[in-house]
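Chemist: Provided below: work_30.txt, containing compact mmCIF, C-alpha atoms.
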```txt
# COMPACT_ATOMS: atom_id res chain seq x y z
CA MET A 1 -188.70 -128.05 -153.16
CA ALA A 2 -186.24 -127.20 -155.85
CA ARG A 3 -182.63 -126.53 -154.99
CA ALA A 4 -181.38 -122.98 -155.04
CA LEU A 5 -177.83 -121.63 -154.89
CA ILE A 6 -177.64 -118.19 -153.36
CA ASN A 7 -174.52 -116.18 -152.87
CA VAL A 8 -174.86 -113.16 -150.57
CA PRO A 9 -171.88 -111.78 -148.63
CA ALA A 10 -172.45 -112.35 -144.90
CA LYS A 11 -170.96 -108.98 -143.99
CA ALA A 12 -170.62 -105.66 -145.78
CA LYS A 13 -169.76 -102.04 -145.03
CA LYS A 14 -172.49 -99.42 -145.13
CA GLY A 15 -172.80 -98.02 -148.65
CA GLU A 16 -170.78 -100.84 -150.18
CA ILE A 17 -171.94 -102.30 -153.51
CA ILE A 18 -172.48 -106.03 -153.06
CA GLU A 19 -172.92 -108.67 -155.75
CA ILE A 20 -175.76 -111.16 -155.39
CA LYS A 21 -175.79 -114.42 -157.35
CA THR A 22 -178.79 -116.72 -157.50
CA MET A 23 -179.51 -119.95 -159.33
CA LEU A 24 -182.65 -122.08 -159.08
CA SER A 25 -182.91 -125.68 -160.19
CA HIS A 26 -185.72 -125.56 -162.75
CA PRO A 27 -186.23 -127.23 -166.17
CA MET A 28 -187.60 -124.04 -167.85
CA GLU A 29 -189.74 -126.26 -170.08
CA THR A 30 -190.56 -124.14 -173.13
CA GLY A 31 -193.82 -125.82 -174.16
CA PHE A 32 -192.49 -126.44 -177.67
CA ARG A 33 -190.73 -129.72 -176.94
CA PRO A 34 -192.44 -133.06 -177.68
CA SER A 35 -192.01 -135.87 -175.17
CA ASP A 36 -191.44 -139.53 -176.03
CA ASP A 37 -195.16 -140.04 -176.81
CA GLY A 38 -195.14 -137.19 -179.35
CA LYS A 39 -197.27 -134.83 -177.30
CA LEU A 40 -195.99 -131.42 -176.35
CA VAL A 41 -194.66 -131.12 -172.82
CA PRO A 42 -196.71 -128.35 -171.18
CA ARG A 43 -194.89 -125.10 -170.70
CA ASN A 44 -193.44 -124.64 -167.22
CA ILE A 45 -191.03 -121.78 -166.79
CA ILE A 46 -190.12 -119.39 -164.01
CA LYS A 47 -192.10 -116.29 -164.92
CA ARG A 48 -191.10 -113.87 -162.23
CA PHE A 49 -188.20 -113.32 -159.89
CA VAL A 50 -188.31 -110.77 -157.07
CA CYS A 51 -185.65 -109.83 -154.57
CA THR A 52 -186.62 -107.82 -151.49
CA TYR A 53 -184.26 -106.18 -149.03
CA ASP A 54 -185.89 -105.58 -145.65
CA GLY A 55 -189.34 -105.93 -147.21
CA GLU A 56 -188.70 -103.52 -150.07
CA ALA A 57 -188.46 -104.84 -153.64
CA VAL A 58 -184.99 -103.94 -154.92
CA PHE A 59 -184.69 -106.13 -158.00
CA SER A 60 -187.18 -108.02 -160.12
CA ALA A 61 -187.16 -109.77 -163.46
CA ASP A 62 -189.67 -111.24 -165.90
CA LEU A 63 -188.39 -114.45 -167.49
CA PHE A 64 -189.31 -115.92 -170.88
CA PRO A 65 -189.12 -119.35 -172.57
CA ALA A 66 -185.77 -118.67 -174.26
CA ILE A 67 -184.01 -118.49 -170.90
CA SER A 68 -181.96 -121.59 -170.08
CA ALA A 69 -182.79 -124.25 -167.51
CA ASN A 70 -181.58 -123.50 -163.98
CA PRO A 71 -181.79 -119.73 -164.49
CA PHE A 72 -178.82 -117.82 -163.08
CA LEU A 73 -179.40 -114.21 -162.10
CA SER A 74 -176.72 -111.89 -160.81
CA PHE A 75 -177.15 -108.27 -159.78
CA THR A 76 -175.78 -105.69 -157.38
CA LEU A 77 -177.27 -103.95 -154.35
CA VAL A 78 -176.10 -101.14 -152.11
CA ALA A 79 -175.71 -102.42 -148.55
CA THR A 80 -177.71 -99.94 -146.47
CA ASN A 81 -178.54 -101.76 -143.26
CA SER A 82 -178.43 -105.19 -141.62
CA GLY A 83 -181.42 -107.28 -142.55
CA VAL A 84 -182.93 -110.11 -144.49
CA ILE A 85 -182.73 -110.40 -148.27
CA THR A 86 -185.57 -112.50 -149.70
CA PHE A 87 -185.62 -114.17 -153.09
CA SER A 88 -188.75 -115.54 -154.69
CA TRP A 89 -189.27 -117.40 -157.93
CA THR A 90 -192.76 -117.98 -159.35
CA ASP A 91 -193.43 -120.51 -162.12
CA ASP A 92 -196.25 -121.12 -164.61
CA ASN A 93 -198.05 -123.41 -162.15
CA GLY A 94 -198.26 -120.53 -159.72
CA GLN A 95 -195.84 -122.15 -157.29
CA THR A 96 -193.53 -119.74 -155.54
CA GLN A 97 -190.26 -120.71 -153.94
CA VAL A 98 -188.86 -118.36 -151.33
CA GLN A 99 -185.34 -118.34 -149.94
CA THR A 100 -183.77 -115.89 -147.55
CA ALA A 101 -180.28 -114.76 -146.64
CA LYS A 102 -179.08 -112.53 -143.82
CA ILE A 103 -176.63 -109.70 -144.23
CA GLU A 104 -174.80 -107.80 -141.52
CA VAL A 105 -173.94 -104.22 -142.39
CA ALA A 106 -171.46 -102.37 -140.20
CA MET B 1 -124.64 -152.52 -202.53
CA ILE B 2 -127.38 -155.12 -202.11
CA LEU B 3 -126.55 -155.57 -198.44
CA ARG B 4 -126.73 -151.86 -197.85
CA ALA B 5 -130.12 -151.66 -199.55
CA LEU B 6 -131.48 -154.54 -197.48
CA TRP B 7 -131.22 -152.89 -194.05
CA ILE B 8 -133.36 -150.06 -195.30
CA LEU B 9 -136.36 -152.36 -195.73
CA PRO B 10 -137.14 -152.92 -192.03
CA ALA B 11 -136.54 -149.22 -191.42
CA CYS B 12 -139.14 -148.39 -194.07
CA ALA B 13 -141.59 -150.83 -192.55
CA MET B 14 -141.15 -149.14 -189.17
CA LEU B 15 -141.79 -145.71 -190.65
CA LEU B 16 -144.95 -147.00 -192.27
CA ALA B 17 -146.18 -148.44 -188.97
CA VAL B 18 -145.63 -145.07 -187.26
CA ALA B 19 -147.58 -143.29 -189.98
CA ILE B 20 -150.60 -145.58 -189.56
CA ALA B 21 -150.76 -145.55 -185.75
CA HIS B 22 -152.46 -142.60 -184.09
CA ALA B 23 -150.21 -140.06 -182.45
CA GLU B 24 -150.73 -140.51 -178.72
CA ILE B 25 -150.76 -137.15 -176.98
CA PRO B 26 -147.49 -136.57 -175.07
CA ALA B 27 -147.93 -135.85 -171.34
CA GLN B 28 -146.77 -132.23 -171.60
CA GLU B 29 -149.30 -131.51 -174.39
CA ARG B 30 -152.32 -132.90 -172.56
CA LYS B 31 -155.06 -130.35 -172.03
CA SER B 32 -158.31 -130.61 -170.15
CA GLY B 33 -161.46 -129.96 -172.16
CA ALA B 34 -161.89 -126.82 -170.05
CA GLU B 35 -158.94 -125.20 -171.86
CA PHE B 36 -160.82 -125.37 -175.15
CA MET B 37 -163.84 -123.50 -173.76
CA SER B 38 -164.64 -119.80 -173.93
CA PRO B 39 -163.47 -117.67 -170.96
CA GLN B 40 -167.14 -117.22 -169.99
CA THR B 41 -167.75 -120.96 -169.74
CA GLN B 42 -164.46 -121.40 -167.87
CA ALA B 43 -165.59 -118.76 -165.36
CA MET B 44 -168.92 -120.53 -165.00
CA GLN B 45 -167.17 -123.76 -164.02
CA ALA B 46 -164.65 -122.07 -161.72
CA ASP B 47 -167.22 -120.31 -159.51
CA ASP B 48 -169.34 -122.66 -157.40
CA ALA B 49 -172.03 -119.97 -157.21
CA SER B 50 -172.49 -120.06 -160.99
CA ASN B 51 -171.67 -123.70 -161.77
CA PRO B 52 -175.06 -125.39 -162.37
CA GLY B 53 -173.45 -128.74 -161.56
CA MET B 54 -173.49 -127.63 -157.93
CA LEU B 55 -177.29 -128.01 -157.95
CA ALA B 56 -176.77 -131.73 -158.59
CA VAL B 57 -174.21 -131.73 -155.77
CA LEU B 58 -176.84 -130.35 -153.38
CA ASP B 59 -179.26 -133.08 -154.50
CA GLY B 60 -176.53 -135.67 -154.07
CA GLU B 61 -175.71 -134.49 -150.57
CA ALA B 62 -179.36 -134.89 -149.60
CA ALA B 63 -179.54 -138.35 -151.22
CA TRP B 64 -176.34 -139.38 -149.40
CA ASN B 65 -178.07 -138.82 -146.05
CA GLU B 66 -181.47 -140.21 -147.03
CA LYS B 67 -182.46 -143.68 -145.81
CA ALA B 68 -183.55 -146.06 -148.56
CA GLY B 69 -184.54 -149.65 -149.18
CA ALA B 70 -185.64 -152.52 -146.96
CA ALA B 71 -182.51 -152.12 -144.83
CA ASN B 72 -183.55 -148.52 -144.13
CA LYS B 73 -179.97 -147.33 -144.39
CA ALA B 74 -178.48 -144.19 -145.90
CA CYS B 75 -175.10 -144.08 -147.65
CA ALA B 76 -173.93 -142.04 -144.66
CA ASP B 77 -174.87 -144.80 -142.20
CA CYS B 78 -172.04 -146.99 -143.50
CA HIS B 79 -169.68 -144.51 -145.16
CA GLY B 80 -170.03 -141.55 -142.78
CA ALA B 81 -169.18 -138.13 -144.11
CA ALA B 82 -168.54 -138.24 -147.86
CA GLU B 83 -165.90 -135.51 -147.50
CA GLN B 84 -163.61 -138.10 -145.89
CA SER B 85 -164.84 -141.50 -147.06
CA MET B 86 -165.34 -140.60 -150.74
CA LYS B 87 -162.20 -138.50 -151.11
CA GLY B 88 -160.29 -139.77 -154.13
CA VAL B 89 -162.80 -142.50 -154.97
CA SER B 90 -163.88 -141.08 -158.34
CA ALA B 91 -160.24 -140.39 -159.18
CA ARG B 92 -159.40 -144.11 -159.00
CA TYR B 93 -162.55 -145.65 -160.51
CA PRO B 94 -163.39 -147.81 -162.50
CA ALA B 95 -162.01 -150.49 -160.18
CA PHE B 96 -162.06 -154.29 -160.27
CA ASN B 97 -165.07 -155.92 -158.69
CA ALA B 98 -163.96 -159.30 -157.35
CA ALA B 99 -167.54 -160.60 -156.97
CA THR B 100 -168.33 -160.32 -160.69
CA SER B 101 -164.72 -160.55 -161.94
CA GLN B 102 -165.41 -157.41 -163.95
CA PRO B 103 -164.52 -153.75 -163.67
CA ILE B 104 -167.14 -151.45 -162.20
CA ASP B 105 -167.56 -147.67 -162.39
CA VAL B 106 -168.87 -145.30 -159.71
CA ALA B 107 -172.47 -145.44 -160.97
CA GLY B 108 -172.33 -149.24 -160.99
CA GLN B 109 -170.84 -149.25 -157.50
CA VAL B 110 -173.64 -147.01 -156.20
CA ASN B 111 -176.23 -149.41 -157.57
CA GLN B 112 -174.38 -152.44 -156.23
CA CYS B 113 -174.35 -150.84 -152.77
CA ARG B 114 -178.06 -150.11 -153.10
CA ALA B 115 -178.83 -153.72 -153.99
CA GLU B 116 -176.57 -155.37 -151.40
CA ARG B 117 -176.46 -153.01 -148.42
CA GLN B 118 -179.65 -150.96 -148.73
CA GLN B 119 -181.75 -153.70 -150.34
CA ALA B 120 -183.23 -151.03 -152.58
CA GLN B 121 -184.10 -150.90 -156.27
CA PRO B 122 -181.17 -149.87 -158.44
CA LEU B 123 -181.31 -146.31 -159.73
CA ARG B 124 -182.00 -146.02 -163.45
CA ALA B 125 -178.96 -145.21 -165.56
CA GLU B 126 -178.71 -141.45 -166.18
CA SER B 127 -181.54 -140.75 -163.72
CA ARG B 128 -181.48 -137.54 -161.75
CA GLU B 129 -180.93 -139.43 -158.47
CA LEU B 130 -177.99 -141.48 -159.73
CA LEU B 131 -176.31 -138.47 -161.37
CA ALA B 132 -176.78 -136.46 -158.17
CA LEU B 133 -174.97 -139.14 -156.15
CA THR B 134 -172.14 -139.66 -158.66
CA THR B 135 -171.66 -135.88 -158.97
CA TYR B 136 -171.56 -135.50 -155.19
CA ILE B 137 -169.08 -138.39 -154.90
CA GLY B 138 -167.06 -136.94 -157.80
CA LEU B 139 -166.83 -133.56 -156.12
CA GLN B 140 -164.95 -135.15 -153.19
CA SER B 141 -162.05 -135.85 -155.61
CA ARG B 142 -161.98 -132.39 -157.16
CA GLY B 143 -158.42 -131.15 -157.60
CA MET B 144 -156.91 -134.59 -157.04
CA PRO B 145 -154.99 -136.29 -159.86
CA VAL B 146 -156.73 -139.02 -161.85
CA ALA B 147 -155.13 -142.17 -160.41
CA PRO B 148 -156.37 -145.44 -161.93
CA PRO B 149 -155.32 -148.45 -159.81
CA ASP B 150 -152.36 -150.61 -160.84
CA ASP B 151 -154.45 -153.74 -160.77
CA GLU B 152 -153.23 -156.54 -163.04
CA ARG B 153 -156.79 -157.89 -163.36
CA LEU B 154 -157.88 -154.64 -165.05
CA THR B 155 -155.23 -154.85 -167.78
CA PRO B 156 -157.14 -156.98 -170.32
CA PHE B 157 -160.25 -154.78 -169.95
CA ARG B 158 -158.16 -151.61 -170.33
CA GLU B 159 -156.50 -153.06 -173.43
CA ARG B 160 -159.93 -153.75 -174.93
CA GLY B 161 -160.92 -150.19 -174.08
CA LYS B 162 -157.90 -148.94 -175.97
CA ALA B 163 -158.83 -151.11 -178.95
CA LEU B 164 -162.37 -149.69 -178.86
CA PHE B 165 -160.94 -146.16 -178.75
CA ASN B 166 -159.01 -146.91 -181.94
CA GLN B 167 -161.80 -148.90 -183.58
CA ARG B 168 -163.40 -147.33 -186.65
CA LEU B 169 -167.18 -147.36 -186.36
CA GLY B 170 -170.40 -145.93 -187.76
CA GLN B 171 -171.34 -144.77 -191.24
CA LEU B 172 -168.71 -142.04 -191.02
CA ASN B 173 -166.17 -144.75 -190.16
CA PHE B 174 -164.21 -142.77 -187.59
CA SER B 175 -162.55 -143.95 -184.41
CA CYS B 176 -162.32 -141.77 -181.28
CA ALA B 177 -158.63 -141.33 -182.05
CA HIS B 178 -159.26 -139.85 -185.51
CA CYS B 179 -160.69 -136.72 -183.92
CA HIS B 180 -159.29 -136.64 -180.42
CA GLU B 181 -155.70 -137.70 -181.04
CA ASP B 182 -155.04 -136.77 -184.67
CA ASN B 183 -157.09 -133.56 -184.92
CA TRP B 184 -157.50 -132.07 -181.45
CA GLY B 185 -157.28 -128.30 -181.40
CA ARG B 186 -158.81 -128.06 -184.87
CA LYS B 187 -162.48 -127.41 -185.48
CA LEU B 188 -165.46 -129.59 -186.29
CA GLY B 189 -167.93 -127.11 -187.72
CA SER B 190 -167.56 -124.21 -185.34
CA ALA B 191 -166.70 -126.31 -182.29
CA PRO B 192 -163.12 -126.93 -181.19
CA ILE B 193 -162.14 -130.59 -180.96
CA PRO B 194 -160.84 -131.32 -177.44
CA GLN B 195 -158.52 -134.15 -176.44
CA ALA B 196 -161.36 -136.16 -174.86
CA HIS B 197 -160.01 -136.46 -171.33
CA ALA B 198 -162.57 -137.83 -168.91
CA ASN B 199 -161.50 -135.80 -165.85
CA ALA B 200 -164.58 -133.64 -165.26
CA TYR B 201 -167.48 -136.12 -165.28
CA PRO B 202 -170.33 -136.01 -164.49
CA ILE B 203 -170.50 -132.70 -166.37
CA TYR B 204 -173.12 -130.00 -166.71
CA ARG B 205 -173.37 -129.68 -170.48
CA LEU B 206 -174.96 -126.46 -171.68
CA GLU B 207 -176.28 -128.25 -174.76
CA TRP B 208 -178.10 -130.74 -172.50
CA GLN B 209 -179.22 -128.07 -170.03
CA ASP B 210 -178.49 -130.74 -167.46
CA VAL B 211 -175.93 -132.94 -165.79
CA GLY B 212 -174.85 -136.06 -167.66
CA SER B 213 -172.41 -138.94 -167.34
CA LEU B 214 -169.37 -139.86 -169.40
CA GLN B 215 -171.42 -142.64 -170.97
CA ARG B 216 -174.03 -140.14 -172.17
CA ARG B 217 -171.22 -138.09 -173.73
CA LEU B 218 -169.76 -141.17 -175.40
CA ARG B 219 -173.19 -142.08 -176.77
CA ASN B 220 -173.43 -138.57 -178.23
CA CYS B 221 -170.14 -139.03 -180.06
CA MET B 222 -171.20 -142.47 -181.27
CA SER B 223 -174.43 -141.19 -182.79
CA GLY B 224 -172.32 -138.33 -184.18
CA VAL B 225 -170.38 -140.83 -186.31
CA ARG B 226 -173.71 -142.58 -187.10
CA ALA B 227 -172.94 -145.67 -185.04
CA ALA B 228 -175.38 -147.56 -182.84
CA PRO B 229 -174.38 -146.46 -179.32
CA TYR B 230 -173.57 -149.09 -176.69
CA SER B 231 -176.19 -149.29 -173.97
CA TYR B 232 -175.73 -147.64 -170.58
CA GLY B 233 -173.64 -149.72 -168.20
CA SER B 234 -172.40 -152.05 -170.96
CA LEU B 235 -168.98 -153.65 -170.59
CA GLU B 236 -167.75 -151.75 -173.66
CA PHE B 237 -168.38 -148.45 -171.91
CA ILE B 238 -166.67 -149.58 -168.70
CA GLU B 239 -163.68 -150.70 -170.77
CA LEU B 240 -163.57 -147.34 -172.52
CA GLU B 241 -163.82 -145.59 -169.14
CA LEU B 242 -160.88 -147.65 -167.89
CA PHE B 243 -158.76 -146.69 -170.88
CA LEU B 244 -159.77 -143.02 -170.66
CA ALA B 245 -158.85 -142.96 -166.96
CA GLU B 246 -155.40 -144.31 -167.81
CA ARG B 247 -155.08 -141.80 -170.65
CA ALA B 248 -155.90 -138.93 -168.25
CA ARG B 249 -153.66 -140.24 -165.44
CA GLY B 250 -152.31 -137.36 -163.33
CA MET B 251 -154.72 -134.73 -164.67
CA ALA B 252 -156.76 -132.87 -162.04
CA VAL B 253 -160.35 -133.99 -161.44
CA GLU B 254 -162.74 -131.09 -162.22
CA THR B 255 -166.10 -132.62 -161.23
CA PRO B 256 -168.60 -131.05 -161.71
CA GLY B 257 -167.24 -129.75 -165.00
CA VAL B 258 -169.15 -127.36 -167.24
CA ARG B 259 -168.92 -128.03 -170.98
CA PRO B 260 -170.54 -126.20 -173.91
```
Hey, can you dump this file as structure tokens for me?

Modeler:
Amino acid sequence: MARALINVPAKAKKGEIIEIKTMLSHPMETGFRPSDDGKLVPRNIIKRFVCTYDGEAVFSADLFPAISANPFLSFTLVATNSGVITFSWTDDNGQTQVQTAKIEVA
Amino acid sequence: MILRALWILPACAMLLAVAIAHAEIPAQERKSGAEFMSPQTQAMQADDASNPGMLAVLDGEAAWNEKAGAANKACADCHGAAEQSMKGVSARYPAFNAATSQPIDVAGQVNQCRAERQQAQPLRAESRELLALTTYIGLQSRGMPVAPPDDERLTPFRERGKALFNQRLGQLNFSCAHCHEDNWGRKLGSAPIPQAHANAYPIYRLEWQDVGSLQRRLRNCMSGVRAAPYSYGSLEFIELELFLAERARGMAVETPGVRP
């Protein structure tokens, strides 16, 4: 499993705008780069990122080969209720990595 | 009249010597490479949530606690928590290794421990696993001043490192000092020339899209002046590391640094 850095405030007030930061360890191989034997390294990038808040998709992104390795995504949410925020990254091989964070809204 | 003219000669010779030697950077003018970066890159390094070097730290933390080799021991089995046992270690390396009578850097020390205590295969230079461990160990010294040991036995190696730093090499025939002592703060193409202080390694270099060691960075500069780079782990590199540590004495460790 690849490493992921997720920054979600543990607590927030109801209605507060919170900043979420995520970074996944991933090479974002473009498919244009030759390896040592001269053959092209097959493309392997994160294609899709989805963030759900209590089961509802609140932020998603399509990623493309020009995006750097270890893609860093930062966005804001409105804290509505206590719950689980889920992050999922899907790559070209169809593998999906899921990470979760809990938030307490008072 | 003749006598008066004669005393000027040695004075002239001294002036000439000063003009040829490279201007060493005075302590109050020393700047970390981070100060030459854009505010965006500085912010990236300053926030652990956005510093990609922290991904290597996470890998390193896992490797620290993972059993390896015939001895089936993890780093943590002997050294305990890295937060205590590795505090300040990167700040004082390279150190003198009595067994080989040679200086050794952190990466070399990790591999020596693997061979002797874990009875495991050494990690390949610049491999993901080795960089993860050296970055994790380096993080434990973050904020501490670079403090190379006052070990007499290191002096000849450090002196050779200094000579290498001032040695012209490659088709472009530049020494490290030509750029990093005589022309720091100016530009090479569009890139600012930093003072080449080794206080943030291993670094996450945006150009590499990955974490890399000081030796990888030095190899980059060497191919930049069209010289054949020394090989990883060579004595020349350890000697240069020793001199660079002395040159950056007292500066804060920034590991894992982010560089453009």

Chemist: With chain B as the partner and 7 Å as the cut-off, tabulate the residues of chain A that qualify, each row holding the nearest pair of atoms and their distance in Å to one decimal, using all atoms listed in the file, sorted by chain and rising number, as CSV.

Modeler:
```
residue,atom,partner,partner_atom,distance
A:Arg3,CA,B:Leu55,CA,6.3
A:Leu5,CA,B:Ala49,CA,6.5
A:Asn7,CA,B:Ala49,CA,6.3
A:Lys21,CA,B:Ala49,CA,6.7
A:Ser25,CA,B:Leu55,CA,6.5
A:Ala69,CA,B:Gln209,CA,5.8
A:Asn70,CA,B:Pro52,CA,7.0
```

Chemist: Could you check the closest approach to Ser88 (chain A) for each of A:Cys51, A:Ala57, A:Pro65, A:Gly38 and tell me which residue wins, using all atoms listed in the file?

Modeler: A:Cys51

Chemist: Find the residues of region 75-175 of chain B that sit at most 7 Å from region 216-232 of chain B; for each, write down the nearest two atoms and how far apart they are in Å, to one decimal. Count only C-alpha atoms. Sort by chain, then by number going up, and give it as JSON lines.

Modeler:
```
{"residue": "B:Ala125", "atom": "CA", "partner": "B:Tyr232", "partner_atom": "CA", "distance": 6.4}
{"residue": "B:Leu169", "atom": "CA", "partner": "B:Ala227", "partner_atom": "CA", "distance": 6.1}
{"residue": "B:Gly170", "atom": "CA", "partner": "B:Ala227", "partner_atom": "CA", "distance": 3.7}
{"residue": "B:Gln171", "atom": "CA", "partner": "B:Arg226", "partner_atom": "CA", "distance": 5.2}
{"residue": "B:Leu172", "atom": "CA", "partner": "B:Val225", "partner_atom": "CA", "distance": 5.1}
{"residue": "B:Asn173", "atom": "CA", "partner": "B:Val225", "partner_atom": "CA", "distance": 6.9}
{"residue": "B:Phe174", "atom": "CA", "partner": "B:Val225", "partner_atom": "CA", "distance": 6.6}
```

Chemist: Keeping only C-alpha atoms, write those residues as a compact mmCIF listing (two decimals), keeping the file's coordinate frame.

Modeler:
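The file below, part-v4.txt, is the result:
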```
# COMPACT_ATOMS: atom_id res chain seq x y z
CA ALA B 125 -178.96 -145.21 -165.56
CA LEU B 169 -167.18 -147.36 -186.36
CA GLY B 170 -170.40 -145.93 -187.76
CA GLN B 171 -171.34 -144.77 -191.24
CA LEU B 172 -168.71 -142.04 -191.02
CA ASN B 173 -166.17 -144.75 -190.16
CA PHE B 174 -164.21 -142.77 -187.59
```

Chemist: Considering all atoms listed in the file, return as a ChimeraX atom specification whatever protein or nucleic-acid residues lie within 6 Å of Arg43 (chain A), sequence-local ones (same chain, fewer than 3 positions apart) excluded.

Modeler: /A:29-31

Chemist: To one decimal in Å, tell me the separation between CA of Arg92 (chain B) and CA of Lys162 (chain B).

Modeler: 17.7 Å

Chemist: Between A:Glu19, A:Asp37, A:Ala12, A:Leu73, which is the closest to Val50 (chain A) once you count all atoms listed in the file?

Modeler: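 The answer is A:Leu73, which sits nearest to Val50 (chain A).
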
Chemist: Rounded to one decimal place, report the CA of Val258 (chain B)-CA of Glu159 (chain B) distance in Å.

Modeler: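 Between CA of Val258 (chain B) and CA of Glu159 (chain B) the gap works out to 29.3 Å.
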
Chemist: Would you compute the distance between CA of Lys39 (chain A) and CA of Gly212 (chain B)? Give it in Å to one decimal.

Modeler: 24.4 Å

Chemist: With a distance cut-off of 10 Å and only C-alpha atoms, select the neighbouring residues of region 133-136 of chain B, excluding the residue or stretch itself and same-chain residues fewer than 2 positions from it, and output the selection as a PDB file with C-alpha atoms, in the coordinates of the input.

Modeler:
```pdb
ATOM      1  CA  GLY B  53    -173.450-128.740-161.560  1.00  0.00           C
ATOM      2  CA  MET B  54    -173.490-127.630-157.930  1.00  0.00           C
ATOM      3  CA  LEU B  55    -177.290-128.010-157.950  1.00  0.00           C
ATOM      4  CA  ALA B  56    -176.770-131.730-158.590  1.00  0.00           C
ATOM      5  CA  VAL B  57    -174.210-131.730-155.770  1.00  0.00           C
ATOM      6  CA  LEU B  58    -176.840-130.350-153.380  1.00  0.00           C
ATOM      7  CA  ASP B  59    -179.260-133.080-154.500  1.00  0.00           C
ATOM      8  CA  GLY B  60    -176.530-135.670-154.070  1.00  0.00           C
ATOM      9  CA  GLU B  61    -175.710-134.490-150.570  1.00  0.00           C
ATOM     10  CA  ALA B  62    -179.360-134.890-149.600  1.00  0.00           C
ATOM     11  CA  ALA B  63    -179.540-138.350-151.220  1.00  0.00           C
ATOM     12  CA  TRP B  64    -176.340-139.380-149.400  1.00  0.00           C
ATOM     13  CA  CYS B  75    -175.100-144.080-147.650  1.00  0.00           C
ATOM     14  CA  ALA B  82    -168.540-138.240-147.860  1.00  0.00           C
ATOM     15  CA  GLU B  83    -165.900-135.510-147.500  1.00  0.00           C
ATOM     16  CA  MET B  86    -165.340-140.600-150.740  1.00  0.00           C
ATOM     17  CA  SER B  90    -163.880-141.080-158.340  1.00  0.00           C
ATOM     18  CA  ASP B 105    -167.560-147.670-162.390  1.00  0.00           C
ATOM     19  CA  VAL B 106    -168.870-145.300-159.710  1.00  0.00           C
ATOM     20  CA  ALA B 107    -172.470-145.440-160.970  1.00  0.00           C
ATOM     21  CA  GLY B 108    -172.330-149.240-160.990  1.00  0.00           C
ATOM     22  CA  GLN B 109    -170.840-149.250-157.500  1.00  0.00           C
ATOM     23  CA  VAL B 110    -173.640-147.010-156.200  1.00  0.00           C
ATOM     24  CA  ARG B 128    -181.480-137.540-161.750  1.00  0.00           C
ATOM     25  CA  GLU B 129    -180.930-139.430-158.470  1.00  0.00           C
ATOM     26  CA  LEU B 130    -177.990-141.480-159.730  1.00  0.00           C
ATOM     27  CA  LEU B 131    -176.310-138.470-161.370  1.00  0.00           C
ATOM     28  CA  GLY B 138    -167.060-136.940-157.800  1.00  0.00           C
ATOM     29  CA  LEU B 139    -166.830-133.560-156.120  1.00  0.00           C
ATOM     30  CA  GLN B 140    -164.950-135.150-153.190  1.00  0.00           C
ATOM     31  CA  SER B 141    -162.050-135.850-155.610  1.00  0.00           C
ATOM     32  CA  ALA B 200    -164.580-133.640-165.260  1.00  0.00           C
ATOM     33  CA  TYR B 201    -167.480-136.120-165.280  1.00  0.00           C
ATOM     34  CA  PRO B 202    -170.330-136.010-164.490  1.00  0.00           C
ATOM     35  CA  ILE B 203    -170.500-132.700-166.370  1.00  0.00           C
ATOM     36  CA  TYR B 204    -173.120-130.000-166.710  1.00  0.00           C
ATOM     37  CA  VAL B 211    -175.930-132.940-165.790  1.00  0.00           C
ATOM     38  CA  GLY B 212    -174.850-136.060-167.660  1.00  0.00           C
ATOM     39  CA  SER B 213    -172.410-138.940-167.340  1.00  0.00           C
ATOM     40  CA  THR B 255    -166.100-132.620-161.230  1.00  0.00           C
ATOM     41  CA  PRO B 256    -168.600-131.050-161.710  1.00  0.00           C
ATOM     42  CA  GLY B 257    -167.240-129.750-165.000  1.00  0.00           C
TER      43      GLY B 257
END
```
